[in-house]
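The next block holds one structure in the form of structure tokens; read it before the comments.
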Amino acid sequence: MSLASVAAADRFVDLAGLLESCEVDGFHADFLSWGHYRPEYWRNYWHTHSFHEVCLAYTGEGRFNSGDVRYDVTPGSVFLARPGDVHEIESSHTSPLGIAFWGFTFRPAASGVRTGDTKSHPAADRRSAVPDLSGWWSGLTRADGPVVSDRVGSLPALITALAAEAAAPVSGYSTALGALGATLVLETARAFALDEDLAVEPVRKDRSPLVVEAMQRHLRDNLSRPITVRDVAAAAHLSERHAERLFTQQTGASIMSTLRRLRLELAAQLLLDPTLTITDVARACGYSDVRPFSTAFRRKYGRTPGDHRRAGGTEFI
């Protein structure tokens with residue numbers, strides 16, 4: 001979703017009473033203000049806040065003065081006033097600035113050891129001006145961090161989604177707003193974090209076990225249906241050859257031998273249900289006829305399905 005969506009909405013619904021707080025990655029945020037300046041000349045004079053205030057310019061031009069530094073802002077600029085920062089914003093007369101803004105407090109949810117991403121840090125005074133932290137949250141906690149960014153990311157989509165959810169709340173809105181609010185805090189902090197604070201160790205994960213697990217799940221979910229290696233491979237988006245090789249490497253058995261085992265294990269359980277006939281059990285386990293089912297069952301368990309039922313399955317507990 002682009003900046004145009006923010007401008008097109010021409011609304012930034014007051015979320016007071018709908019989204020009040022959220023927690024994200026060990027931090028707590030209380031939302032205090034939401035707003036929307038339409039693209040017409042305006043100026044908010046020098047002031048400060050006890051909370052973080054963030055503005056997203058979606059149209060026009062203007063300037064953001066923070067302390068002794070002046071910044072020109074244009075569509076796609078995100079600018080931040082941290083608690084205690086003295087600042088002002090002024091729209092251009094000729095190309096009026098339109099912004100959406102949101103304000104929130106930001107603090108650790110609990111004291112103690114804080115971990116995030118692939119880094120771990122000792123307990124520290126989380127409320128100090130420059131906490132001994134690094135990670136996405138440093139975009140909000142570093143007093144010496146940037147105050148203007150062009151890392152818009154998903155911010156337009158998030159504030160538009162928040163506005164839409166708040167405009168017409170329906171069942172589940174609280175959960176939806178909480179999730180969107182937490183992501184908004186995260187994406188806001190990322191916009192102002194230094195590159196070195198965002199860096200994490202590359203994630204290199206062997207997906208083979210997950211792929212094989214998906215294939216096994218497909219087998220279990222379709223035991224009563226005709227299944228071929230082609231079907232299982234397609235479910236995992238693999239070629240038949242690759243699927244068979246990967247499955248055998250991970251499990252030590254072929255796809256079809258595993259299918260037969262799973263079907264007969266299910267049969268052994270279903271036979272203990274007196275409301276089911278042996279024909280019912282056979283069909284529930286993918287056998288169209290009782291004879292091949294009985295043959296396969298006796299080959300695996302050493303007795304017929306009827307003998308297994310009469311014995312109550314006790315030999316197989």
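Each chain of the structure tokens is named A, B, ... in the order shown, its residues numbered from 1; ligands are numbered from 1 in display order.
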
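Residues of region 59-180 of chain A that DSSP, applied to the backbone, places in helix (DSSP H, G or I): Ser138, Gly139, Leu140, Thr141, Leu155, Pro156, Ala157, Leu158, Ile159, Thr160, Ala161, Leu162, Ala163, Ala164, Glu165, Ala166, Ala167, Tyr173, Ser174, Thr175, Ala176, Leu177, Gly178, Ala179 and Leu180 of chain A.
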
Residues as selected, N, CA and C atoms, written as a compact mmCIF listing (two decimals), in the first residue's frame, can you do that?
```txt
# COMPACT_ATOMS: atom_id res chain seq x y z
N SER A 138 16.23 0.33 19.36
CA SER A 138 17.15 1.45 19.56
C SER A 138 16.69 2.67 18.75
N GLY A 139 15.88 2.45 17.72
CA GLY A 139 15.36 3.59 16.97
C GLY A 139 14.54 4.52 17.83
N LEU A 140 13.99 3.99 18.93
CA LEU A 140 13.23 4.82 19.85
C LEU A 140 14.01 5.16 21.10
N THR A 141 14.91 4.29 21.54
CA THR A 141 15.57 4.49 22.82
C THR A 141 16.88 5.26 22.75
N LEU A 155 4.51 1.44 6.94
CA LEU A 155 3.80 2.42 7.76
C LEU A 155 2.51 2.92 7.11
N PRO A 156 2.50 3.28 5.82
CA PRO A 156 1.23 3.71 5.22
C PRO A 156 0.14 2.65 5.30
N ALA A 157 0.52 1.40 5.02
CA ALA A 157 -0.47 0.32 5.08
C ALA A 157 -0.99 0.13 6.50
N LEU A 158 -0.11 0.25 7.49
CA LEU A 158 -0.51 0.03 8.87
C LEU A 158 -1.47 1.10 9.37
N ILE A 159 -1.14 2.37 9.12
CA ILE A 159 -2.02 3.42 9.63
C ILE A 159 -3.35 3.44 8.88
N THR A 160 -3.33 3.07 7.61
CA THR A 160 -4.57 2.98 6.85
C THR A 160 -5.43 1.82 7.38
N ALA A 161 -4.79 0.70 7.67
CA ALA A 161 -5.53 -0.45 8.21
C ALA A 161 -6.08 -0.14 9.60
N LEU A 162 -5.31 0.56 10.42
CA LEU A 162 -5.79 0.96 11.74
C LEU A 162 -7.01 1.86 11.63
N ALA A 163 -6.94 2.82 10.72
CA ALA A 163 -8.05 3.74 10.54
C ALA A 163 -9.30 3.00 10.07
N ALA A 164 -9.12 2.08 9.13
CA ALA A 164 -10.26 1.33 8.60
C ALA A 164 -10.88 0.45 9.67
N GLU A 165 -10.05 -0.20 10.49
CA GLU A 165 -10.56 -1.07 11.55
C GLU A 165 -11.31 -0.26 12.60
N ALA A 166 -10.78 0.92 12.92
CA ALA A 166 -11.41 1.76 13.94
C ALA A 166 -12.68 2.42 13.43
N ALA A 167 -12.75 2.66 12.13
CA ALA A 167 -13.92 3.35 11.57
C ALA A 167 -15.18 2.51 11.67
N TYR A 173 -12.17 -6.75 16.78
CA TYR A 173 -11.42 -5.53 16.48
C TYR A 173 -10.31 -5.28 17.48
N SER A 174 -10.53 -5.64 18.75
CA SER A 174 -9.52 -5.37 19.77
C SER A 174 -8.23 -6.13 19.48
N THR A 175 -8.37 -7.41 19.11
CA THR A 175 -7.19 -8.21 18.76
C THR A 175 -6.52 -7.67 17.51
N ALA A 176 -7.32 -7.32 16.51
CA ALA A 176 -6.76 -6.80 15.27
C ALA A 176 -6.02 -5.49 15.51
N LEU A 177 -6.62 -4.58 16.27
CA LEU A 177 -5.97 -3.29 16.54
C LEU A 177 -4.70 -3.48 17.36
N GLY A 178 -4.73 -4.41 18.33
CA GLY A 178 -3.53 -4.65 19.13
C GLY A 178 -2.38 -5.16 18.29
N ALA A 179 -2.69 -6.08 17.35
CA ALA A 179 -1.64 -6.61 16.48
C ALA A 179 -1.11 -5.53 15.55
N LEU A 180 -2.01 -4.74 14.97
CA LEU A 180 -1.59 -3.66 14.09
C LEU A 180 -0.79 -2.61 14.85
```

Write out, as JSON lines, each residue of region 243-280 of chain A that has an atom at most 12 Å from region 292-299 of chain A, together with the closest pair of atoms and their distance in Å to one decimal, counting only C-alpha atoms, rows going by chain and rising number.
```
{"residue": "A:Ser257", "atom": "CA", "partner": "A:Ala296", "partner_atom": "CA", "distance": 11.7}
{"residue": "A:Arg260", "atom": "CA", "partner": "A:Ala296", "partner_atom": "CA", "distance": 8.5}
{"residue": "A:Arg261", "atom": "CA", "partner": "A:Phe297", "partner_atom": "CA", "distance": 9.7}
{"residue": "A:Leu262", "atom": "CA", "partner": "A:Phe297", "partner_atom": "CA", "distance": 11.5}
{"residue": "A:Arg263", "atom": "CA", "partner": "A:Phe297", "partner_atom": "CA", "distance": 9.5}
{"residue": "A:Leu264", "atom": "CA", "partner": "A:Phe297", "partner_atom": "CA", "distance": 6.3}
{"residue": "A:Glu265", "atom": "CA", "partner": "A:Phe297", "partner_atom": "CA", "distance": 9.2}
{"residue": "A:Leu266", "atom": "CA", "partner": "A:Phe297", "partner_atom": "CA", "distance": 10.8}
{"residue": "A:Ala267", "atom": "CA", "partner": "A:Phe297", "partner_atom": "CA", "distance": 8.2}
{"residue": "A:Ala268", "atom": "CA", "partner": "A:Phe297", "partner_atom": "CA", "distance": 8.5}
{"residue": "A:Leu271", "atom": "CA", "partner": "A:Phe297", "partner_atom": "CA", "distance": 11.2}
{"residue": "A:Ile278", "atom": "CA", "partner": "A:Ser294", "partner_atom": "CA", "distance": 9.0}
{"residue": "A:Thr279", "atom": "CA", "partner": "A:Phe293", "partner_atom": "CA", "distance": 9.0}
{"residue": "A:Asp280", "atom": "CA", "partner": "A:Phe293", "partner_atom": "CA", "distance": 11.1}
```

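Neighbours of Pro39 (chain A) closer than or equal to 10 Å, with only C-alpha atoms counted and sequence neighbours fewer than 6 positions away skipped, come out as Ala7, Asp10, Ala57, Tyr58, Thr59, Gly60, Glu61, Ser91, Ser92, His93, Ser95, Pro96, Leu97, Gly98 and Ile99 of chain A.
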
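Every protein or nucleic acid residue with an atom no more than 12 Å from Thr228 (chain A), counting only C-alpha atoms and leaving out same-chain residues fewer than 2 positions away, appears here: A:Met215, A:His218, A:Leu219, A:Asn222, A:Leu223, A:Arg225, A:Pro226, A:Arg230, A:Asp231, A:Val232, A:Ala233, A:Ala234, A:Ala235, A:Glu240, A:Ala243, A:Glu244, A:Ser254, A:Ile255, A:Met256, A:Ser257, A:Thr258, A:Leu259, A:Arg260, A:Gly286.
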
Selected residues, N, CA, C and O atoms, written as a short mmCIF file (atom, residue, chain, number, x, y, z; two decimals), in the first residue's frame, please.
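Result file follows (again.cif):
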```cif
data_model
loop_
_atom_site.label_atom_id
_atom_site.label_comp_id
_atom_site.auth_asym_id
_atom_site.auth_seq_id
_atom_site.Cartn_x
_atom_site.Cartn_y
_atom_site.Cartn_z
N MET A 215 4.75 -33.47 3.94
CA MET A 215 4.37 -34.65 3.17
C MET A 215 3.72 -35.70 4.07
O MET A 215 2.73 -36.34 3.68
N HIS A 218 0.25 -34.67 4.78
CA HIS A 218 -0.62 -34.93 3.64
C HIS A 218 -1.05 -36.40 3.61
O HIS A 218 -2.22 -36.70 3.32
N LEU A 219 -0.13 -37.28 3.93
CA LEU A 219 -0.48 -38.70 3.98
C LEU A 219 -1.54 -38.95 5.05
O LEU A 219 -2.56 -39.61 4.78
N ASN A 222 -5.08 -37.83 4.26
CA ASN A 222 -5.75 -38.42 3.10
C ASN A 222 -5.68 -39.94 3.09
O ASN A 222 -5.67 -40.56 2.02
N LEU A 223 -5.64 -40.56 4.26
CA LEU A 223 -5.48 -42.01 4.34
C LEU A 223 -6.63 -42.75 3.68
O LEU A 223 -6.46 -43.88 3.20
N ARG A 225 -8.19 -41.83 0.98
CA ARG A 225 -8.25 -41.50 -0.44
C ARG A 225 -7.13 -42.19 -1.21
O ARG A 225 -6.09 -42.52 -0.63
N PRO A 226 -7.32 -42.39 -2.52
CA PRO A 226 -6.21 -42.92 -3.33
C PRO A 226 -5.07 -41.90 -3.34
O PRO A 226 -5.29 -40.72 -3.57
N ARG A 230 3.04 -38.89 -6.83
CA ARG A 230 2.81 -37.63 -7.52
C ARG A 230 1.99 -36.68 -6.67
O ARG A 230 2.28 -35.47 -6.58
N ASP A 231 0.95 -37.20 -6.01
CA ASP A 231 0.10 -36.36 -5.18
C ASP A 231 0.88 -35.75 -4.02
O ASP A 231 0.74 -34.57 -3.70
N VAL A 232 1.67 -36.58 -3.37
CA VAL A 232 2.44 -36.12 -2.21
C VAL A 232 3.50 -35.10 -2.64
O VAL A 232 3.71 -34.09 -1.98
N ALA A 233 4.15 -35.38 -3.75
CA ALA A 233 5.17 -34.45 -4.25
C ALA A 233 4.55 -33.11 -4.61
O ALA A 233 5.11 -32.05 -4.32
N ALA A 234 3.37 -33.14 -5.23
CA ALA A 234 2.70 -31.89 -5.60
C ALA A 234 2.32 -31.08 -4.38
O ALA A 234 2.39 -29.85 -4.39
N ALA A 235 1.90 -31.76 -3.31
CA ALA A 235 1.54 -31.06 -2.08
C ALA A 235 2.72 -30.32 -1.48
O ALA A 235 2.55 -29.31 -0.80
N GLU A 240 8.55 -35.58 -8.29
CA GLU A 240 8.38 -36.88 -7.65
C GLU A 240 9.72 -37.45 -7.20
O GLU A 240 9.84 -37.99 -6.09
N ALA A 243 11.01 -35.49 -4.16
CA ALA A 243 10.19 -35.77 -2.98
C ALA A 243 10.52 -37.14 -2.40
O ALA A 243 10.68 -37.28 -1.18
N GLU A 244 10.62 -38.14 -3.26
CA GLU A 244 10.92 -39.49 -2.79
C GLU A 244 12.30 -39.55 -2.14
O GLU A 244 12.47 -40.16 -1.07
N SER A 254 10.26 -45.27 2.31
CA SER A 254 9.70 -44.63 1.13
C SER A 254 8.33 -44.03 1.45
O SER A 254 7.72 -44.33 2.49
N ILE A 255 7.85 -43.21 0.53
CA ILE A 255 6.54 -42.58 0.74
C ILE A 255 5.44 -43.63 0.78
O ILE A 255 4.59 -43.62 1.68
N MET A 256 5.44 -44.57 -0.16
CA MET A 256 4.36 -45.53 -0.22
C MET A 256 4.41 -46.54 0.92
O MET A 256 3.36 -46.97 1.42
N SER A 257 5.62 -46.92 1.36
CA SER A 257 5.68 -47.84 2.51
C SER A 257 5.20 -47.13 3.76
O SER A 257 4.56 -47.75 4.63
N THR A 258 5.47 -45.85 3.86
CA THR A 258 4.97 -45.08 5.00
C THR A 258 3.46 -44.97 4.94
O THR A 258 2.77 -45.07 5.96
N LEU A 259 2.93 -44.76 3.75
CA LEU A 259 1.47 -44.70 3.59
C LEU A 259 0.83 -46.01 4.04
O LEU A 259 -0.17 -45.99 4.78
N ARG A 260 1.39 -47.14 3.63
CA ARG A 260 0.83 -48.43 4.04
C ARG A 260 0.88 -48.60 5.55
O ARG A 260 -0.08 -49.09 6.16
N GLY A 286 -8.37 -46.51 3.06
CA GLY A 286 -7.95 -46.43 1.67
C GLY A 286 -8.01 -47.72 0.89
O GLY A 286 -7.49 -47.78 -0.24
#
```

* For Gly153 (chain A), work out the shell of residues within 12 Å, counting only C-alpha atoms and skipping chain neighbours fewer than 6 positions away, then give it as an MDAnalysis selection string. => chainID A and resid 1:3 56 76:78 159 183:184 186:192

Write the selection just made, keeping C-alpha atoms, as a PDB file, in the first residue's frame?
```pdb
ATOM      1  CA  MET A   1       0.000   0.000   0.000  1.00  0.00           C
ATOM      2  CA  SER A   2       1.362   3.415  -0.977  1.00  0.00           C
ATOM      3  CA  LEU A   3       1.272   6.926   0.441  1.00  0.00           C
ATOM      4  CA  LEU A  56       4.458  10.533   8.219  1.00  0.00           C
ATOM      5  CA  GLY A  76       7.716   9.602   2.288  1.00  0.00           C
ATOM      6  CA  SER A  77       9.503  11.418   5.108  1.00  0.00           C
ATOM      7  CA  VAL A  78       9.009   9.959   8.584  1.00  0.00           C
ATOM      8  CA  ILE A 159      -2.021   3.422   9.634  1.00  0.00           C
ATOM      9  CA  THR A 183       3.535  -3.789  14.326  1.00  0.00           C
ATOM     10  CA  LEU A 184       3.244  -0.010  14.006  1.00  0.00           C
ATOM     11  CA  LEU A 186       8.021  -2.067  15.588  1.00  0.00           C
ATOM     12  CA  GLU A 187       8.053  -0.527  12.104  1.00  0.00           C
ATOM     13  CA  THR A 188       8.328   2.979  13.571  1.00  0.00           C
ATOM     14  CA  ALA A 189      11.406   1.992  15.556  1.00  0.00           C
ATOM     15  CA  ARG A 190      12.959   0.244  12.566  1.00  0.00           C
ATOM     16  CA  ALA A 191      12.583   3.414  10.533  1.00  0.00           C
ATOM     17  CA  PHE A 192      14.934   5.244  12.930  1.00  0.00           C
TER      18      PHE A 192
END
```

* Could you work out how far CA of Glu53 (chain A) lies from CA of Pro83 (chain A), giving the answer in Å with one decimal? ->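 Interatomic distance here is 8.1 Å.
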
* Quick one: DSSP strand (DSSP E or B) residues in region 59-300 of chain A, as a PyMOL selection string? -> chain A and resi 59+62-66+69-73+78-81+87-91+98-108+114-116+119-121+148-149

File of the preceding selection, N, CA, C and O atoms, as a compact mmCIF listing (two decimals), in the first residue's frame:
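Result file part.txt:
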```
# COMPACT_ATOMS: atom_id res chain seq x y z
N THR A 59 1.91 14.00 1.54
CA THR A 59 1.79 14.89 0.40
C THR A 59 2.38 16.24 0.77
O THR A 59 2.52 16.58 1.95
N GLY A 62 7.33 20.65 3.61
CA GLY A 62 7.37 21.41 4.85
C GLY A 62 8.73 21.27 5.49
O GLY A 62 9.68 20.76 4.88
N ARG A 63 8.82 21.73 6.71
CA ARG A 63 10.08 21.62 7.43
C ARG A 63 9.81 21.13 8.86
O ARG A 63 8.76 21.43 9.45
N PHE A 64 10.77 20.39 9.34
CA PHE A 64 10.72 19.87 10.70
C PHE A 64 11.97 20.37 11.40
O PHE A 64 13.10 20.05 11.00
N ASN A 65 11.78 21.20 12.41
CA ASN A 65 12.90 21.72 13.17
C ASN A 65 13.01 20.96 14.48
O ASN A 65 12.03 20.89 15.25
N SER A 66 14.16 20.37 14.73
CA SER A 66 14.40 19.63 15.96
C SER A 66 15.66 20.18 16.60
O SER A 66 16.76 20.02 16.06
N VAL A 69 18.57 21.96 14.44
CA VAL A 69 18.68 21.41 13.09
C VAL A 69 17.34 21.52 12.36
O VAL A 69 16.28 21.22 12.92
N ARG A 70 17.42 21.96 11.10
CA ARG A 70 16.23 22.07 10.27
C ARG A 70 16.26 20.97 9.21
O ARG A 70 17.28 20.74 8.56
N TYR A 71 15.13 20.31 9.03
CA TYR A 71 15.01 19.24 8.05
C TYR A 71 13.87 19.58 7.08
O TYR A 71 12.77 19.96 7.51
N ASP A 72 14.13 19.42 5.80
CA ASP A 72 13.08 19.54 4.80
C ASP A 72 12.39 18.19 4.70
O ASP A 72 13.03 17.14 4.61
N VAL A 73 11.05 18.20 4.72
CA VAL A 73 10.30 16.95 4.65
C VAL A 73 9.38 16.97 3.44
O VAL A 73 8.81 18.00 3.07
N VAL A 78 9.51 10.30 7.25
CA VAL A 78 9.01 9.96 8.58
C VAL A 78 9.88 10.72 9.57
O VAL A 78 11.11 10.63 9.49
N PHE A 79 9.28 11.47 10.48
CA PHE A 79 10.09 12.23 11.42
C PHE A 79 9.58 12.05 12.83
O PHE A 79 8.39 11.83 13.07
N LEU A 80 10.52 12.11 13.77
CA LEU A 80 10.30 11.66 15.13
C LEU A 80 10.74 12.71 16.14
O LEU A 80 11.83 13.27 16.03
N ALA A 81 9.89 12.95 17.13
CA ALA A 81 10.27 13.76 18.30
C ALA A 81 10.26 12.82 19.51
O ALA A 81 9.21 12.31 19.90
N HIS A 87 10.73 20.85 19.38
CA HIS A 87 10.61 20.79 17.93
C HIS A 87 9.42 21.61 17.44
O HIS A 87 8.56 22.01 18.23
N GLU A 88 9.37 21.83 16.14
CA GLU A 88 8.22 22.44 15.51
C GLU A 88 8.12 21.95 14.08
O GLU A 88 9.11 21.51 13.48
N ILE A 89 6.92 22.02 13.52
CA ILE A 89 6.67 21.60 12.14
C ILE A 89 5.92 22.73 11.45
O ILE A 89 4.99 23.31 12.01
N GLU A 90 6.33 23.04 10.22
CA GLU A 90 5.63 24.07 9.46
C GLU A 90 5.42 23.60 8.02
O GLU A 90 6.34 23.11 7.37
N SER A 91 4.19 23.76 7.55
CA SER A 91 3.85 23.40 6.18
C SER A 91 4.32 24.47 5.21
O SER A 91 4.44 25.65 5.56
N GLY A 98 0.78 17.49 4.10
CA GLY A 98 -0.21 16.62 4.73
C GLY A 98 0.50 15.53 5.49
O GLY A 98 1.42 14.89 4.97
N ILE A 99 0.13 15.32 6.75
CA ILE A 99 0.79 14.30 7.56
C ILE A 99 -0.25 13.48 8.33
O ILE A 99 -1.36 13.93 8.59
N ALA A 100 0.13 12.28 8.67
CA ALA A 100 -0.55 11.50 9.70
C ALA A 100 0.42 11.42 10.87
O ALA A 100 1.63 11.37 10.67
N PHE A 101 -0.08 11.45 12.10
CA PHE A 101 0.82 11.37 13.24
C PHE A 101 0.24 10.47 14.32
O PHE A 101 -0.97 10.26 14.41
N TRP A 102 1.14 9.89 15.11
CA TRP A 102 0.74 9.04 16.22
C TRP A 102 1.75 9.22 17.35
O TRP A 102 2.94 9.43 17.14
N GLY A 103 1.26 9.15 18.58
CA GLY A 103 2.12 9.34 19.74
C GLY A 103 1.94 8.22 20.74
O GLY A 103 0.82 7.75 20.97
N PHE A 104 3.04 7.79 21.35
CA PHE A 104 2.96 6.68 22.30
C PHE A 104 4.14 6.73 23.27
O PHE A 104 5.21 7.24 22.95
N THR A 105 3.93 6.21 24.45
CA THR A 105 5.03 5.97 25.38
C THR A 105 5.67 4.64 25.01
O THR A 105 5.05 3.81 24.35
N PHE A 106 6.89 4.43 25.48
CA PHE A 106 7.61 3.20 25.11
C PHE A 106 8.54 2.85 26.25
O PHE A 106 9.44 3.62 26.59
N ARG A 107 8.32 1.70 26.86
CA ARG A 107 9.14 1.29 28.00
C ARG A 107 9.20 -0.23 28.07
O ARG A 107 8.33 -0.92 27.52
N PRO A 108 10.22 -0.77 28.75
CA PRO A 108 10.27 -2.23 28.91
C PRO A 108 9.05 -2.72 29.68
O PRO A 108 8.58 -2.08 30.61
N ARG A 114 17.05 -8.90 28.92
CA ARG A 114 16.29 -8.61 27.71
C ARG A 114 16.97 -9.28 26.52
O ARG A 114 18.16 -9.12 26.31
N THR A 115 16.22 -10.08 25.77
CA THR A 115 16.80 -10.67 24.56
C THR A 115 15.93 -10.30 23.38
O THR A 115 14.72 -10.15 23.49
N GLY A 116 16.57 -10.20 22.24
CA GLY A 116 15.83 -9.87 21.04
C GLY A 116 16.63 -10.30 19.83
O GLY A 116 17.85 -10.18 19.81
N LYS A 119 20.56 -11.32 19.63
CA LYS A 119 21.46 -10.66 20.58
C LYS A 119 20.87 -10.76 21.99
O LYS A 119 19.67 -10.78 22.19
N SER A 120 21.74 -10.76 22.99
CA SER A 120 21.31 -10.81 24.37
C SER A 120 22.04 -9.73 25.14
O SER A 120 23.21 -9.45 24.87
N HIS A 121 21.35 -9.11 26.10
CA HIS A 121 21.93 -8.00 26.82
C HIS A 121 21.68 -8.16 28.31
O HIS A 121 20.63 -8.64 28.73
N VAL A 148 14.85 11.90 11.33
CA VAL A 148 14.15 11.89 10.04
C VAL A 148 14.61 10.66 9.26
O VAL A 148 15.79 10.33 9.27
N SER A 149 13.68 10.00 8.60
CA SER A 149 14.00 8.78 7.88
C SER A 149 13.14 8.70 6.62
O SER A 149 12.04 9.27 6.56
```

* To do: Grab the CA of Gln269 (chain A) to CA of Glu213 (chain A) distance for me, in Å with one decimal place.
  =>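 That distance, rounded to one decimal, is 22.3 Å.
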
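Considering the residues A:Trp136, A:Leu32, A:Asp68, A:Gly145 and counting only C-alpha atoms, Arg82 (chain A) has its shortest atom-to-atom contact with A:Gly145.
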